[in-house]
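Enquirer: Before we start, here is the structure in question, set down as C-alpha coordinates.
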Amino acid sequence: QPHKTLRVEALQANYGDEVLQLLQPTLITTSADRIHIDNIDLAIADQGRLRGWFKQEPAAASMNFELANIPLHLLKVFAALPIAKGRLSGTVSGSTARAAPALDARLSVSELRMDNVPADTGALAAALTAAWDGHELSADLNISGPFEPAVTGRLRVPMTLAIAGPAPSKGKGEDKGNRSTSTSSLPVLNLDSPIDAQLDWRGQVEPVMALLPLPDHVLAGVATIALRVAGTLNAPLPSGELTLHNGRYENLLAGTIIHDLTLNSDFSDQQRVRFSLTGHDGEQGKLQVQGVILPGQPEQLLDITAQLKHILLVRVDAATILCSADLSIKSSAQALNVNGKVVIEQAEIRLLNPLPPSIVDLGEVHIAG
(Lines give C-alpha, C1' and ligand atoms only; values in the text may rest on other atoms or scores of the structure.)
Protein backbone atom coordinates (compact mmCIF):
# COMPACT_ATOMS: atom_id res chain seq x y z
CA GLN A 1 0.00 0.00 0.00
CA PRO A 2 1.22 3.57 -0.66
CA HIS A 3 2.72 5.28 2.32
CA LYS A 4 3.81 8.75 3.38
CA THR A 5 6.91 9.72 5.32
CA LEU A 6 7.25 12.79 7.50
CA ARG A 7 10.71 13.78 8.65
CA VAL A 8 10.69 15.95 11.78
CA GLU A 9 13.97 17.86 11.76
CA ALA A 10 13.49 20.06 14.81
CA LEU A 11 11.11 20.34 17.74
CA GLN A 12 11.29 22.42 20.88
CA ALA A 13 8.76 23.10 23.61
CA ASN A 14 9.15 25.28 26.67
CA TYR A 15 7.34 25.29 29.99
CA GLY A 16 8.74 28.03 32.18
CA ASP A 17 12.46 27.32 32.40
CA GLU A 18 12.06 23.69 31.31
CA VAL A 19 12.88 22.75 27.71
CA LEU A 20 11.92 19.68 25.65
CA GLN A 21 14.04 19.36 22.51
CA LEU A 22 14.39 16.87 19.65
CA LEU A 23 18.04 15.79 19.36
CA GLN A 24 17.91 14.06 15.97
CA PRO A 25 15.41 13.81 13.09
CA THR A 26 12.40 11.58 13.79
CA LEU A 27 10.75 9.65 10.94
CA ILE A 28 6.98 9.13 10.91
CA THR A 29 5.77 6.70 8.23
CA THR A 30 2.05 6.16 7.69
CA SER A 31 -0.25 4.25 5.38
CA ALA A 32 -3.91 3.27 5.50
CA ASP A 33 -3.39 0.60 8.16
CA ARG A 34 -0.07 1.28 9.88
CA ILE A 35 2.12 3.91 11.46
CA HIS A 36 5.83 3.79 12.30
CA ILE A 37 7.62 6.35 14.47
CA ASP A 38 11.40 5.84 14.40
CA ASN A 39 14.43 7.57 15.91
CA ILE A 40 12.61 9.21 18.81
CA ASP A 41 15.30 11.04 20.75
CA LEU A 42 14.18 13.78 23.12
CA ALA A 43 16.09 15.81 25.68
CA ILE A 44 13.76 16.58 28.57
CA ALA A 45 14.63 19.45 30.89
CA ASP A 46 17.88 19.04 32.81
CA GLN A 47 19.62 15.71 31.98
CA GLY A 48 16.41 13.89 30.99
CA ARG A 49 16.44 11.70 27.87
CA LEU A 50 13.78 9.63 26.07
CA ARG A 51 14.76 7.38 23.15
CA GLY A 52 12.89 4.69 21.27
CA TRP A 53 10.44 3.72 18.56
CA PHE A 54 6.80 2.71 18.10
CA LYS A 55 5.05 0.66 15.39
CA GLN A 56 1.35 0.06 14.80
CA GLU A 57 0.82 -2.74 12.26
CA PRO A 58 -2.50 -4.15 11.05
CA ALA A 59 -2.23 -7.11 13.42
CA ALA A 60 -0.17 -5.77 16.33
CA ALA A 61 1.60 -2.88 18.00
CA SER A 62 5.17 -2.91 19.27
CA MET A 63 7.47 -0.47 21.02
CA ASN A 64 10.82 -0.02 22.67
CA PHE A 65 11.68 2.95 24.88
CA GLU A 66 14.60 3.93 27.08
CA LEU A 67 14.17 6.57 29.77
CA ALA A 68 17.06 8.25 31.57
CA ASN A 69 16.80 10.77 34.41
CA ILE A 70 13.35 12.07 33.47
CA PRO A 71 12.58 14.85 36.00
CA LEU A 72 9.39 13.91 37.83
CA HIS A 73 8.51 17.43 38.95
CA LEU A 74 7.31 18.00 35.37
CA LEU A 75 4.26 15.89 36.25
CA LYS A 76 2.89 19.06 37.83
CA VAL A 77 2.21 20.26 34.27
CA PHE A 78 -0.41 17.51 33.84
CA ALA A 79 -1.63 16.83 37.39
CA ALA A 80 -1.61 18.49 40.80
CA LEU A 81 1.05 16.19 42.24
CA PRO A 82 3.14 17.54 45.14
CA ILE A 83 6.46 16.35 43.71
CA ALA A 84 9.42 18.68 44.30
CA LYS A 85 12.18 16.48 42.92
CA GLY A 86 12.88 13.02 41.51
CA ARG A 87 14.21 11.12 38.50
CA LEU A 88 12.68 8.30 36.45
CA SER A 89 14.86 5.86 34.49
CA GLY A 90 14.38 2.47 32.88
CA THR A 91 13.21 0.58 29.82
CA VAL A 92 9.81 -0.41 28.43
CA SER A 93 9.36 -2.80 25.50
CA GLY A 94 6.50 -4.92 24.27
CA SER A 95 4.41 -6.34 21.47
CA THR A 96 0.79 -7.40 21.01
CA ALA A 97 1.59 -9.89 18.23
CA ARG A 98 -0.54 -13.01 18.73
CA ALA A 99 2.39 -15.32 18.06
CA ALA A 100 4.51 -13.83 20.85
CA PRO A 101 2.72 -11.21 22.97
CA ALA A 102 5.02 -9.67 25.55
CA LEU A 103 5.72 -6.73 27.81
CA ASP A 104 8.86 -6.02 29.79
CA ALA A 105 9.20 -2.92 31.96
CA ARG A 106 12.01 -2.10 34.36
CA LEU A 107 11.62 1.31 35.96
CA SER A 108 13.33 3.04 38.85
CA VAL A 109 12.71 6.29 40.70
CA SER A 110 15.51 8.02 42.58
CA GLU A 111 15.74 11.03 44.92
CA LEU A 112 11.96 11.44 45.14
CA ARG A 113 11.06 14.36 47.39
CA MET A 114 7.67 15.94 48.02
CA ASP A 115 6.73 19.58 48.38
CA ASN A 116 6.84 21.09 51.89
CA VAL A 117 9.31 18.48 53.15
CA PRO A 118 12.65 19.65 54.66
CA ALA A 119 15.65 18.83 52.48
CA ASP A 120 17.46 17.01 55.29
CA THR A 121 14.58 14.56 55.84
CA GLY A 122 15.75 12.17 53.13
CA ALA A 123 14.29 10.91 49.88
CA LEU A 124 12.34 7.97 48.52
CA ALA A 125 13.48 5.46 45.91
CA ALA A 126 11.36 2.91 44.07
CA ALA A 127 11.89 0.03 41.67
CA LEU A 128 9.14 -1.51 39.54
CA THR A 129 9.44 -4.53 37.28
CA ALA A 130 6.53 -5.73 35.17
CA ALA A 131 6.12 -8.52 32.64
CA TRP A 132 3.32 -9.86 30.47
CA ASP A 133 3.30 -13.12 28.51
CA GLY A 134 -0.07 -12.83 26.79
CA HIS A 135 -1.89 -14.49 29.70
CA GLU A 136 -0.84 -12.80 32.94
CA LEU A 137 0.49 -9.39 33.93
CA SER A 138 2.90 -9.59 36.84
CA ALA A 139 4.50 -6.68 38.69
CA ASP A 140 6.83 -6.32 41.66
CA LEU A 141 7.38 -3.10 43.62
CA ASN A 142 10.03 -2.06 46.13
CA ILE A 143 9.96 1.33 47.91
CA SER A 144 12.87 2.34 50.12
CA GLY A 145 13.97 5.41 52.02
CA PRO A 146 15.27 6.53 55.43
CA PHE A 147 13.26 3.79 57.13
CA GLU A 148 13.53 0.05 57.62
CA PRO A 149 12.51 -2.26 56.08
CA ALA A 150 11.52 -1.42 52.50
CA VAL A 151 7.89 -1.56 51.38
CA THR A 152 7.31 -4.49 49.02
CA GLY A 153 4.38 -5.29 46.78
CA ARG A 154 3.39 -7.88 44.21
CA LEU A 155 0.59 -8.12 41.66
CA ARG A 156 -0.58 -10.95 39.40
CA VAL A 157 -3.53 -10.14 37.14
CA PRO A 158 -4.89 -12.12 34.16
CA MET A 159 -4.55 -10.13 30.94
CA THR A 160 -5.13 -11.54 27.48
CA LEU A 161 -5.38 -10.31 23.91
CA ALA A 162 -8.72 -9.19 22.56
CA ILE A 163 -8.75 -10.16 18.89
CA ALA A 164 -10.85 -8.11 16.49
CA GLY A 165 -12.32 -9.70 13.35
CA PRO A 166 -10.94 -9.47 9.80
CA ALA A 167 -10.91 -6.05 8.22
CA PRO A 168 -14.08 -5.54 6.14
CA SER A 169 -14.03 -5.68 2.36
CA LYS A 170 -14.10 -2.29 0.60
CA GLY A 171 -16.41 -3.29 -2.25
CA LYS A 172 -17.92 -6.04 -4.33
CA GLY A 173 -15.38 -5.72 -7.10
CA GLU A 174 -12.37 -6.14 -4.88
CA ASP A 175 -10.02 -8.99 -5.70
CA LYS A 176 -10.52 -11.67 -3.04
CA GLY A 177 -6.86 -12.62 -3.27
CA ASN A 178 -5.90 -9.11 -2.15
CA ARG A 179 -8.59 -8.76 0.51
CA SER A 180 -7.14 -7.92 3.92
CA THR A 181 -7.55 -10.62 6.55
CA SER A 182 -5.49 -8.84 9.18
CA THR A 183 -6.79 -8.56 12.70
CA SER A 184 -5.90 -6.12 15.46
CA SER A 185 -5.03 -7.15 19.01
CA LEU A 186 -5.28 -5.23 22.27
CA PRO A 187 -4.44 -6.42 25.79
CA VAL A 188 -7.45 -6.44 28.11
CA LEU A 189 -7.85 -7.35 31.78
CA ASN A 190 -9.96 -10.40 32.55
CA LEU A 191 -12.29 -9.15 35.27
CA ASP A 192 -13.56 -12.60 36.30
CA SER A 193 -10.32 -14.59 36.53
CA PRO A 194 -8.30 -15.12 39.73
CA ILE A 195 -5.92 -12.38 40.90
CA ASP A 196 -3.16 -12.30 43.48
CA ALA A 197 -1.85 -9.12 45.12
CA GLN A 198 0.04 -8.32 48.28
CA LEU A 199 1.61 -5.38 50.11
CA ASP A 200 3.99 -5.77 53.07
CA TRP A 201 5.71 -3.47 55.54
CA ARG A 202 6.29 -3.28 59.28
CA GLY A 203 8.12 -0.52 61.10
CA GLN A 204 8.11 2.88 62.75
CA VAL A 205 5.63 5.26 61.11
CA GLU A 206 7.28 8.57 62.04
CA PRO A 207 10.17 8.52 59.49
CA VAL A 208 7.68 7.60 56.76
CA MET A 209 5.29 10.43 57.69
CA ALA A 210 8.20 12.87 57.63
CA LEU A 211 8.60 12.19 53.88
CA LEU A 212 4.99 13.11 53.05
CA PRO A 213 3.79 16.64 52.24
CA LEU A 214 1.90 16.90 55.54
CA PRO A 215 3.99 19.33 57.58
CA ASP A 216 1.23 20.04 60.11
CA HIS A 217 0.62 16.38 61.01
CA VAL A 218 2.81 14.10 63.11
CA LEU A 219 2.08 10.37 63.42
CA ALA A 220 4.23 7.93 65.35
CA GLY A 221 3.90 4.28 66.34
CA VAL A 222 4.58 0.80 65.02
CA ALA A 223 2.56 -0.14 61.96
CA THR A 224 2.06 -3.52 60.35
CA ILE A 225 0.83 -3.82 56.77
CA ALA A 226 0.37 -7.37 55.50
CA LEU A 227 -2.39 -7.15 52.94
CA ARG A 228 -3.49 -9.81 50.45
CA VAL A 229 -6.13 -9.63 47.73
CA ALA A 230 -7.50 -12.75 46.02
CA GLY A 231 -10.77 -13.34 44.19
CA THR A 232 -11.26 -11.43 40.94
CA LEU A 233 -11.18 -7.81 39.84
CA ASN A 234 -14.97 -7.84 39.84
CA ALA A 235 -15.14 -9.47 43.28
CA PRO A 236 -11.91 -8.88 45.25
CA LEU A 237 -11.38 -10.81 48.49
CA PRO A 238 -9.02 -8.98 50.87
CA SER A 239 -7.23 -10.61 53.79
CA GLY A 240 -4.25 -9.99 56.05
CA GLU A 241 -3.40 -7.51 58.79
CA LEU A 242 -3.38 -3.73 59.16
CA THR A 243 -2.48 -2.43 62.62
CA LEU A 244 -0.96 0.48 64.52
CA HIS A 245 0.23 0.17 68.11
CA ASN A 246 1.75 2.63 70.60
CA GLY A 247 0.63 5.40 68.30
CA ARG A 248 0.60 9.12 68.82
CA TYR A 249 -0.98 11.74 66.56
CA GLU A 250 -0.44 15.49 66.75
CA ASN A 251 -1.92 18.30 64.70
CA LEU A 252 0.54 21.17 64.92
CA LEU A 253 -1.98 23.82 63.85
CA ALA A 254 -4.82 22.93 66.21
CA GLY A 255 -2.69 21.49 68.99
CA THR A 256 -4.69 18.25 68.96
CA ILE A 257 -2.81 15.36 70.57
CA ILE A 258 -4.04 11.76 70.66
CA HIS A 259 -2.08 9.30 72.80
CA ASP A 260 -2.08 5.49 72.75
CA LEU A 261 -3.51 5.50 69.24
CA THR A 262 -4.39 1.93 68.30
CA LEU A 263 -5.67 0.63 64.97
CA ASN A 264 -6.89 -2.95 64.60
CA SER A 265 -8.43 -4.69 61.60
CA ASP A 266 -10.46 -7.85 61.02
CA PHE A 267 -10.34 -9.61 57.64
CA SER A 268 -12.14 -12.80 58.73
CA ASP A 269 -15.16 -11.90 56.58
CA GLN A 270 -13.67 -11.58 53.10
CA GLN A 271 -16.69 -9.65 51.86
CA ARG A 272 -15.89 -6.79 54.25
CA VAL A 273 -13.05 -5.40 56.31
CA ARG A 274 -13.78 -4.25 59.84
CA PHE A 275 -11.49 -1.88 61.71
CA SER A 276 -11.36 0.05 64.97
CA LEU A 277 -9.34 3.07 66.06
CA THR A 278 -9.00 4.17 69.70
CA GLY A 279 -7.01 6.73 71.64
CA HIS A 280 -7.19 9.47 74.30
CA ASP A 281 -6.07 13.07 74.71
CA GLY A 282 -3.94 12.50 77.82
CA GLU A 283 -6.71 13.57 80.18
CA GLN A 284 -10.40 12.56 80.18
CA GLY A 285 -10.98 12.72 76.43
CA LYS A 286 -11.49 9.51 74.45
CA LEU A 287 -11.63 8.69 70.76
CA GLN A 288 -13.39 5.60 69.43
CA VAL A 289 -13.96 4.80 65.76
CA GLN A 290 -15.59 1.68 64.30
CA GLY A 291 -15.74 1.11 60.56
CA VAL A 292 -16.44 -1.29 57.74
CA ILE A 293 -14.85 -1.23 54.28
CA LEU A 294 -16.87 -2.98 51.59
CA PRO A 295 -14.57 -3.66 48.60
CA GLY A 296 -16.27 -4.26 45.31
CA GLN A 297 -19.50 -2.52 46.38
CA PRO A 298 -19.47 0.96 44.79
CA GLU A 299 -22.91 1.79 46.21
CA GLN A 300 -21.44 1.76 49.76
CA LEU A 301 -17.68 1.52 50.07
CA LEU A 302 -17.33 2.79 53.62
CA ASP A 303 -19.45 2.87 56.78
CA ILE A 304 -17.91 4.52 59.87
CA THR A 305 -19.16 5.61 63.29
CA ALA A 306 -16.97 7.95 65.32
CA GLN A 307 -17.35 8.98 68.95
CA LEU A 308 -15.39 11.74 70.64
CA LYS A 309 -15.96 12.10 74.38
CA HIS A 310 -14.63 15.20 76.17
CA ILE A 311 -11.75 15.52 73.69
CA LEU A 312 -9.48 18.54 73.97
CA LEU A 313 -9.67 19.22 70.25
CA VAL A 314 -7.90 22.60 70.20
CA ARG A 315 -5.10 23.59 72.56
CA VAL A 316 -3.03 26.49 71.34
CA ASP A 317 -1.91 29.76 72.93
CA ALA A 318 -4.96 31.61 71.65
CA ALA A 319 -7.66 29.05 72.50
CA THR A 320 -8.70 25.73 73.99
CA ILE A 321 -11.81 23.87 72.89
CA LEU A 322 -13.23 20.79 74.60
CA CYS A 323 -15.90 18.92 72.65
CA SER A 324 -17.82 15.69 72.19
CA ALA A 325 -19.22 14.29 68.97
CA ASP A 326 -21.26 11.41 67.59
CA LEU A 327 -20.74 11.05 63.83
CA SER A 328 -21.82 8.69 61.06
CA ILE A 329 -19.74 8.65 57.88
CA LYS A 330 -20.90 6.77 54.79
CA SER A 331 -19.19 6.79 51.41
CA SER A 332 -20.08 5.48 47.99
CA ALA A 333 -18.16 5.76 44.73
CA GLN A 334 -20.05 9.00 44.04
CA ALA A 335 -20.52 10.78 47.36
CA LEU A 336 -19.42 11.16 50.99
CA ASN A 337 -22.10 11.76 53.63
CA VAL A 338 -21.33 12.91 57.19
CA ASN A 339 -24.13 13.16 59.76
CA GLY A 340 -24.23 13.54 63.51
CA LYS A 341 -23.90 15.92 66.43
CA VAL A 342 -20.97 17.96 67.69
CA VAL A 343 -21.16 19.62 71.11
CA ILE A 344 -18.66 22.24 72.26
CA GLU A 345 -18.56 21.65 75.99
CA GLN A 346 -16.01 24.29 76.87
CA ALA A 347 -14.23 26.99 74.91
CA GLU A 348 -11.71 29.55 76.08
CA ILE A 349 -10.33 32.35 73.94
CA ARG A 350 -7.23 34.18 75.15
CA LEU A 351 -5.69 37.52 74.18
CA LEU A 352 -2.41 36.95 72.41
CA ASN A 353 -1.00 40.14 73.99
CA PRO A 354 -2.35 40.10 77.56
CA LEU A 355 -2.45 43.11 79.88
CA PRO A 356 0.19 43.39 82.62
CA PRO A 357 -0.51 41.43 85.82
CA SER A 358 -1.67 44.60 87.66
CA ILE A 359 -3.04 48.05 86.82
CA VAL A 360 -1.44 51.07 88.41
CA ASP A 361 -3.74 53.15 90.69
CA LEU A 362 -3.31 56.79 89.63
CA GLY A 363 -5.23 58.14 92.62
CA GLU A 364 -7.37 61.27 92.35
CA VAL A 365 -7.25 62.87 88.90
CA HIS A 366 -7.96 66.56 88.29
CA ILE A 367 -8.83 67.76 84.84
CA ALA A 368 -7.86 71.38 84.25
CA GLY A 369 -10.18 73.73 82.42
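Every chain in the C-alpha coordinates has a letter given in the order shown (A, B, ...), and although residue numbers restart at 1 in each chain, ligands are simply numbered from 1 in the order shown.
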So that each row is one residue of segment 205-303 of chain A with an atom at most 12 Å from segment 338-353 of chain A, can you give its shortest atom pair and the distance in Å to one decimal, using only C-alpha atoms, rows by chain and rising number, as a Markdown table?

Expert:
```
| residue | atom | partner | partner_atom | distance |
| --- | --- | --- | --- | --- |
| A:Gly285 | CA | A:Glu345 | CA | 11.7 |
| A:Leu302 | CA | A:Val338 | CA | 11.4 |
| A:Asp303 | CA | A:Val338 | CA | 10.2 |
```

Enquirer: Generate the output file for the selected residues, C-alpha atoms, as an mmCIF file, in the first residue's frame.

Expert:
```cif
data_model
loop_
_atom_site.group_PDB
_atom_site.id
_atom_site.type_symbol
_atom_site.label_atom_id
_atom_site.label_comp_id
_atom_site.auth_asym_id
_atom_site.auth_seq_id
_atom_site.Cartn_x
_atom_site.Cartn_y
_atom_site.Cartn_z
ATOM 1 C CA GLY A 285 -10.979 12.721 76.432
ATOM 2 C CA LEU A 302 -17.333 2.791 53.621
ATOM 3 C CA ASP A 303 -19.451 2.872 56.784
#
```

Enquirer: How would you write, as a ChimeraX atom specification, the set of residues in segment 132-353 of chain A that DSSP gives as strand (DSSP E)?

Expert: /A:132,136-145,147-163,185-189,196-204,217-231,236-251,256-266,273-280,286-293,302-316,319-331,336-349

Enquirer: Which residues come within 12 Å of Asp17 of chain A, counting only C-alpha atoms, excluding same-chain residues fewer than 5 positions away, as a list of chain:residue names?

Expert: A:Ile44, A:Ala45, A:Asp46, A:Leu74

Enquirer: For the residues in the current selection, export N, CA and C atoms as an mmCIF file, in the first residue's frame.

Expert:
```cif
data_model
loop_
_atom_site.group_PDB
_atom_site.id
_atom_site.type_symbol
_atom_site.label_atom_id
_atom_site.label_comp_id
_atom_site.auth_asym_id
_atom_site.auth_seq_id
_atom_site.Cartn_x
_atom_site.Cartn_y
_atom_site.Cartn_z
ATOM 1 N N ILE A 44 14.856 16.084 27.743
ATOM 2 C CA ILE A 44 13.761 16.577 28.569
ATOM 3 C C ILE A 44 14.334 17.294 29.782
ATOM 4 N N ALA A 45 14.165 18.619 29.784
ATOM 5 C CA ALA A 45 14.633 19.451 30.887
ATOM 6 C C ALA A 45 16.104 19.155 31.172
ATOM 7 N N ASP A 46 16.488 19.212 32.428
ATOM 8 C CA ASP A 46 17.880 19.043 32.808
ATOM 9 C C ASP A 46 18.241 17.563 32.907
ATOM 10 N N LEU A 74 8.064 17.554 36.554
ATOM 11 C CA LEU A 74 7.312 17.998 35.374
ATOM 12 C C LEU A 74 5.892 17.442 35.362
#
```

Enquirer: If we count only C-alpha atoms, what is near segment 291-300 of chain A at a cut-off of 10 Å, once residues fewer than 4 positions away on the same chain are taken out, given as a CSV table (one decimal) with N, CA, C and O atoms, in the first residue's frame?

Expert:
```csv
chain,number,residue,atom,x,y,z
A,232,THR,N,-11.4,-12.0,42.3
A,232,THR,CA,-11.3,-11.4,40.9
A,232,THR,C,-11.3,-9.9,41.0
A,232,THR,O,-11.6,-9.3,42.1
A,233,LEU,N,-11.1,-9.3,39.9
A,233,LEU,CA,-11.2,-7.8,39.8
A,233,LEU,C,-12.6,-7.4,40.1
A,233,LEU,O,-12.9,-6.3,40.6
A,234,ASN,N,-13.6,-8.2,39.6
A,234,ASN,CA,-15.0,-7.8,39.8
A,234,ASN,C,-15.4,-8.1,41.3
A,234,ASN,O,-16.3,-7.5,41.8
A,235,ALA,N,-14.8,-9.1,41.9
A,235,ALA,CA,-15.1,-9.5,43.3
A,235,ALA,C,-13.9,-9.7,44.1
A,235,ALA,O,-13.5,-10.9,44.4
A,236,PRO,N,-13.1,-8.7,44.5
A,236,PRO,CA,-11.9,-8.9,45.2
A,236,PRO,C,-12.2,-9.4,46.6
A,236,PRO,O,-13.2,-9.0,47.3
A,237,LEU,N,-11.3,-10.2,47.2
A,237,LEU,CA,-11.4,-10.8,48.5
A,237,LEU,C,-10.1,-10.4,49.3
A,237,LEU,O,-9.1,-11.1,49.2
A,238,PRO,N,-10.2,-9.4,50.1
A,238,PRO,CA,-9.0,-9.0,50.9
A,238,PRO,C,-8.8,-9.8,52.1
A,238,PRO,O,-9.8,-10.4,52.7
A,265,SER,N,-7.6,-4.3,62.8
A,265,SER,CA,-8.4,-4.7,61.6
A,265,SER,C,-8.8,-6.2,61.7
A,265,SER,O,-8.2,-7.0,62.3
A,266,ASP,N,-9.9,-6.5,61.0
A,266,ASP,CA,-10.5,-7.8,61.0
A,266,ASP,C,-10.8,-8.2,59.6
A,266,ASP,O,-11.7,-7.6,59.0
A,270,GLN,N,-14.3,-12.1,54.3
A,270,GLN,CA,-13.7,-11.6,53.1
A,270,GLN,C,-14.5,-10.6,52.3
A,270,GLN,O,-14.1,-10.0,51.3
A,271,GLN,N,-15.8,-10.6,52.6
A,271,GLN,CA,-16.7,-9.6,51.9
A,271,GLN,C,-16.6,-8.2,52.4
A,271,GLN,O,-17.0,-7.3,51.8
A,272,ARG,N,-16.0,-8.1,53.6
A,272,ARG,CA,-15.9,-6.8,54.2
A,272,ARG,C,-14.7,-6.8,55.2
A,272,ARG,O,-14.3,-7.8,55.7
A,273,VAL,N,-14.2,-5.6,55.4
A,273,VAL,CA,-13.1,-5.4,56.3
A,273,VAL,C,-13.5,-4.5,57.5
A,273,VAL,O,-14.0,-3.4,57.2
A,274,ARG,N,-13.4,-5.0,58.7
A,274,ARG,CA,-13.8,-4.2,59.8
A,274,ARG,C,-12.5,-3.7,60.5
A,274,ARG,O,-11.5,-4.3,60.5
A,275,PHE,N,-12.6,-2.5,61.0
A,275,PHE,CA,-11.5,-1.9,61.7
A,275,PHE,C,-12.0,-1.0,62.9
A,275,PHE,O,-13.1,-0.6,62.9
A,276,SER,N,-11.1,-0.8,63.8
A,276,SER,CA,-11.4,0.0,65.0
A,276,SER,C,-10.1,0.9,65.3
A,276,SER,O,-9.0,0.5,65.0
A,277,LEU,N,-10.4,2.1,65.7
A,277,LEU,CA,-9.3,3.1,66.1
A,277,LEU,C,-9.7,3.7,67.4
A,277,LEU,O,-10.8,4.2,67.6
A,304,ILE,N,-18.7,4.2,58.7
A,304,ILE,CA,-17.9,4.5,59.9
A,304,ILE,C,-18.8,5.2,60.9
A,304,ILE,O,-19.6,6.1,60.6
A,305,THR,N,-18.6,4.8,62.2
A,305,THR,CA,-19.2,5.6,63.3
A,305,THR,C,-18.0,6.1,64.2
A,305,THR,O,-17.1,5.3,64.5
A,306,ALA,N,-18.0,7.4,64.5
A,306,ALA,CA,-17.0,8.0,65.3
A,306,ALA,C,-17.5,8.6,66.5
A,306,ALA,O,-18.5,9.4,66.5
A,328,SER,N,-21.6,9.8,62.0
A,328,SER,CA,-21.8,8.7,61.1
A,328,SER,C,-21.3,9.1,59.7
A,328,SER,O,-21.7,10.2,59.2
A,329,ILE,N,-20.4,8.3,59.2
A,329,ILE,CA,-19.7,8.6,57.9
A,329,ILE,C,-20.0,7.5,56.9
A,329,ILE,O,-19.6,6.4,57.2
A,330,LYS,N,-20.6,7.8,55.8
A,330,LYS,CA,-20.9,6.8,54.8
A,330,LYS,C,-20.4,7.3,53.5
A,330,LYS,O,-20.6,8.5,53.1
A,331,SER,N,-19.8,6.4,52.7
A,331,SER,CA,-19.2,6.8,51.4
A,331,SER,C,-19.5,5.8,50.3
A,331,SER,O,-19.5,4.6,50.6
A,332,SER,N,-19.9,6.3,49.2
A,332,SER,CA,-20.1,5.5,48.0
A,332,SER,C,-19.1,5.9,47.0
A,332,SER,O,-18.2,6.8,47.2
A,333,ALA,N,-19.1,5.3,45.8
A,333,ALA,CA,-18.2,5.8,44.7
A,333,ALA,C,-18.5,7.2,44.3
A,333,ALA,O,-17.6,7.8,43.7
A,334,GLN,N,-19.7,7.7,44.5
A,334,GLN,CA,-20.0,9.0,44.0
A,334,GLN,C,-20.1,10.1,45.1
A,334,GLN,O,-19.9,11.3,44.8
A,335,ALA,N,-20.3,9.7,46.4
A,335,ALA,CA,-20.5,10.8,47.4
A,335,ALA,C,-20.0,10.3,48.7
A,335,ALA,O,-19.9,9.2,49.0
A,336,LEU,N,-19.8,11.4,49.6
A,336,LEU,CA,-19.4,11.2,51.0
A,336,LEU,C,-20.4,11.9,51.8
A,336,LEU,O,-20.7,13.1,51.6
```

Enquirer: Might you pull out every residue within 10 Å of Asn69 of chain A, with only C-alpha atoms counted and same-chain residues fewer than 2 positions away left off, and present them as a list in words?

Expert: Ile44, Ala45, Asp46, Gln47, Gly48, Arg49, Leu50, Leu67, Pro71, Leu72, Gly86, Arg87, Leu88, Ser89, Gly90, Ser108, Val109 and Ser110 of chain A

Enquirer: List every residue of segment 126-275 of chain A that DSSP, applied to the backbone of this structure, assigns to alpha helix (DSSP H), and report them as an mmCIF file with all heavy atoms, in the first residue's frame.

Expert:
```
data_model
loop_
_atom_site.group_PDB
_atom_site.id
_atom_site.type_symbol
_atom_site.label_atom_id
_atom_site.label_comp_id
_atom_site.auth_asym_id
_atom_site.auth_seq_id
_atom_site.Cartn_x
_atom_site.Cartn_y
_atom_site.Cartn_z
ATOM 1 N N GLU A 206 6.850 7.166 62.030
ATOM 2 C CA GLU A 206 7.277 8.568 62.039
ATOM 3 C C GLU A 206 8.229 8.928 60.907
ATOM 4 O O GLU A 206 8.038 9.955 60.240
ATOM 5 C CB GLU A 206 7.894 8.916 63.395
ATOM 6 C CG GLU A 206 8.115 10.407 63.568
ATOM 7 C CD GLU A 206 8.436 10.768 65.004
ATOM 8 O OE1 GLU A 206 8.579 9.857 65.833
ATOM 9 O OE2 GLU A 206 8.541 11.978 65.297
ATOM 10 N N PRO A 207 9.288 8.131 60.611
ATOM 11 C CA PRO A 207 10.166 8.516 59.492
ATOM 12 C C PRO A 207 9.475 8.458 58.132
ATOM 13 O O PRO A 207 9.882 9.159 57.206
ATOM 14 C CB PRO A 207 11.319 7.506 59.579
ATOM 15 C CG PRO A 207 10.801 6.378 60.395
ATOM 16 C CD PRO A 207 9.813 6.968 61.339
ATOM 17 N N VAL A 208 8.432 7.650 58.013
ATOM 18 C CA VAL A 208 7.676 7.603 56.760
ATOM 19 C C VAL A 208 6.810 8.850 56.625
ATOM 20 O O VAL A 208 6.758 9.491 55.566
ATOM 21 C CB VAL A 208 6.808 6.333 56.695
ATOM 22 C CG1 VAL A 208 5.997 6.306 55.402
ATOM 23 C CG2 VAL A 208 7.677 5.085 56.800
ATOM 24 N N MET A 209 6.121 9.228 57.706
ATOM 25 C CA MET A 209 5.292 10.430 57.686
ATOM 26 C C MET A 209 6.112 11.680 57.385
ATOM 27 O O MET A 209 5.634 12.615 56.730
ATOM 28 C CB MET A 209 4.581 10.598 59.026
ATOM 29 C CG MET A 209 3.370 9.723 59.218
ATOM 30 S SD MET A 209 1.986 10.192 58.164
ATOM 31 C CE MET A 209 1.588 11.828 58.809
#
```

Enquirer: Quick one: residues within 8 Å of Leu308 of chain A, only C-alpha atoms, excluding same-chain residues fewer than 3 positions away - as a list in words?

Expert: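 Residues meeting the cut-off are Gly285, Lys286, Leu287, Gln288, Ile311, Cys323, Ser324, Ala325 and Asp326 of chain A.
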